[in-house]
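Novice: Before I ask anything, here is the structure I am working with.
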Amino acid sequence: MLSLGASLSPPGVMEEDRRQHRRQRDEAVALLYVWVRRAAVVTVLLAAGLGLACARAVNYLDASGPSYRYRTRDRVAAAEPTPLRVVSFNIAYGVRVDRALEALRASEPLRDPDVLALQEMDAPGVERVARELGLNAVYFPSGVHPKHRRDFGCALLSPWPLEDARKLVLPHAARGTRLQRAAVSAVVVRGGWRARVYSVHLPSPLGVSGSSRREQVQAILADAEVAAAGLPVVVAGDFNSHGVGELFARAGYAWPTRDVGPTARWAFGGLRYDHVFARGFAVPARGSSAGVVAENRDASDHKPIWALLVP
């Protein structure tokens, strides 16, 4: 019997069978390893999601507040109108304000802004930036963020007077945290010239759907039609999207930051999330009208952006 079996399975065939068996075994082990890793990742994400779901934001849905105003100084307007310098910076959770101040002081395009739009701030952080840069400020938090249990929202700062400050509560709370964002706007008064400016921070792509994000942009555009009352308009901030810029463009807004490049870090590259939009301004020649500053002193996962606008 043994000799018959040997005659039916020559040594070369038996060795090939062994190799095939080993390959099948290795493939099965590799597949099992992949599925184990995927299960572990899903478990971590679900745990994080449940944590966020349990820790919900406290929203401030009253359009009148809470509000904070800081009056530091009023610059004297030049006789000849100069371009309006707009700077926007998302300082992640307002934690590293000291490093953000270093970045704002170190780069020439960021110094002496006419408008400084900040996102993810709390009141002490806004006050510190206003005090150290000698700027007036208005701040309306959207609510208390569950991550750090501190106020979280947008601010506007300027060396010029800030009048008629307003809070615009945007539709749609974010998934998970349930935080409902609010934009901040005010009228910048530079001598005899005035403009309505906005600081905006829309939720992340995982926080709201594309249609909800478009409705948030439409709410900003509709508010500007009424609140600006014919004045020029500037909308700056972190939109967590590049495509929403087309909505502003179709509404007649210039988009000087369209091609400045990535403004936020991501695991697989940069994202073009931070923008400045303007209506009622001329934009200087391409290449000199806007930019992104790569060195942010590790103050945030976002980089500060700037734009020049001609009244």
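Ligands are numbered from 1 in the order shown, chains are lettered A, B, ... in the order of the structure tokens, and residues start at 1 in each chain.
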Extract, using only C-alpha atoms, all DNA, RNA and protein residues at most 7 Å from range 167-178 of chain A, discarding same-chain residues fewer than 5 positions from it, and format them as a count of residues only.

Specialist: 20

Novice: Please provide the set of residues having any atom within 7 Å of range 239-241 of chain A, restricted to only C-alpha atoms, with same-chain residues fewer than 3 positions apart removed, written as a compact mmCIF listing (two decimals) with N, CA and C atoms, in the first residue's frame.

Specialist:
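File written: selection-v8.txt
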# COMPACT_ATOMS: atom_id res chain seq x y z
N HIS A 201 -16.54 79.54 11.15
CA HIS A 201 -15.95 78.21 11.33
C HIS A 201 -17.06 77.18 11.14
N LEU A 202 -17.05 76.48 10.00
CA LEU A 202 -18.04 75.45 9.73
C LEU A 202 -17.56 74.10 10.26
N PRO A 203 -18.48 73.16 10.55
CA PRO A 203 -18.08 71.86 11.09
C PRO A 203 -17.23 71.05 10.11
N SER A 204 -16.57 70.03 10.63
CA SER A 204 -15.72 69.15 9.81
C SER A 204 -16.59 68.36 8.82
N PRO A 205 -15.97 67.78 7.79
CA PRO A 205 -16.74 66.98 6.83
C PRO A 205 -17.51 65.83 7.47
N VAL A 244 -17.06 74.82 -1.19
CA VAL A 244 -18.08 75.82 -0.85
C VAL A 244 -17.71 77.19 -1.39
N ARG A 272 -7.29 72.30 1.68
CA ARG A 272 -7.53 73.72 1.41
C ARG A 272 -8.87 74.12 2.04
N TYR A 273 -8.81 74.39 3.35
CA TYR A 273 -10.03 74.59 4.12
C TYR A 273 -10.27 76.04 4.54
N ASP A 274 -9.22 76.86 4.59
CA ASP A 274 -9.35 78.23 5.11
C ASP A 274 -9.38 79.21 3.94

Novice: Which residue is closest to Val292 in chain A? Choose from A:Arg258, A:Arg150, A:Arg214, A:Arg73 and count only C-alpha atoms.

Specialist: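 Of the candidates, the smallest distance to Val292 in chain A is held by A:Arg258.
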
Novice: Residues at most 10 Å from Trp193 in chain A, counting only C-alpha atoms, excluding those fewer than 2 positions away in the same chain, as number ranges by chain?

Specialist: A: 77, 81, 188-191, 195, 231-232, 311

Novice: Go ahead and save the picked residues with C-alpha atoms, as an mmCIF file, in the first residue's frame.

Specialist:
data_model
loop_
_atom_site.group_PDB
_atom_site.id
_atom_site.type_symbol
_atom_site.label_atom_id
_atom_site.label_comp_id
_atom_site.auth_asym_id
_atom_site.auth_seq_id
_atom_site.Cartn_x
_atom_site.Cartn_y
_atom_site.Cartn_z
ATOM 1 C CA ALA A 77 -6.832 106.363 9.142
ATOM 2 C CA PRO A 81 -6.898 104.554 1.214
ATOM 3 C CA VAL A 188 -15.089 97.808 10.583
ATOM 4 C CA VAL A 189 -14.858 101.602 10.544
ATOM 5 C CA ARG A 190 -11.632 102.825 8.942
ATOM 6 C CA GLY A 191 -11.902 106.600 8.836
ATOM 7 C CA ALA A 195 -17.272 97.249 5.690
ATOM 8 C CA LEU A 231 -21.531 97.983 2.469
ATOM 9 C CA PRO A 232 -18.590 95.930 1.193
ATOM 10 C CA PRO A 311 -11.564 99.346 -1.174
#

Novice: Applying 7 Å and only C-alpha atoms, which residues near Ala103 in chain A remain after dropping the ones on its own chain fewer than 6 positions away? List them as a short mmCIF file (atom, residue, chain, number, x, y, z; two decimals) with C-alpha atoms, in the first residue's frame.

Specialist:
data_model
loop_
_atom_site.label_atom_id
_atom_site.label_comp_id
_atom_site.auth_asym_id
_atom_site.auth_seq_id
_atom_site.Cartn_x
_atom_site.Cartn_y
_atom_site.Cartn_z
CA GLU A 295 5.29 78.43 9.68
CA ASN A 296 2.60 78.47 12.33
CA ARG A 297 4.91 77.71 15.31
#

Novice: So, counting only C-alpha atoms, which residue among A:Glu215, A:Leu133, A:Ala254, A:Ala264 is closest to Asp298 in chain A?

Specialist: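 Using only C-alpha atoms, Asp298 in chain A sits closest to A:Ala264.
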
Novice: Find the distance between CA of Glu163 in chain A and CA of Tyr70 in chain A and write it in Å to one decimal.

Specialist: 12.0 Å
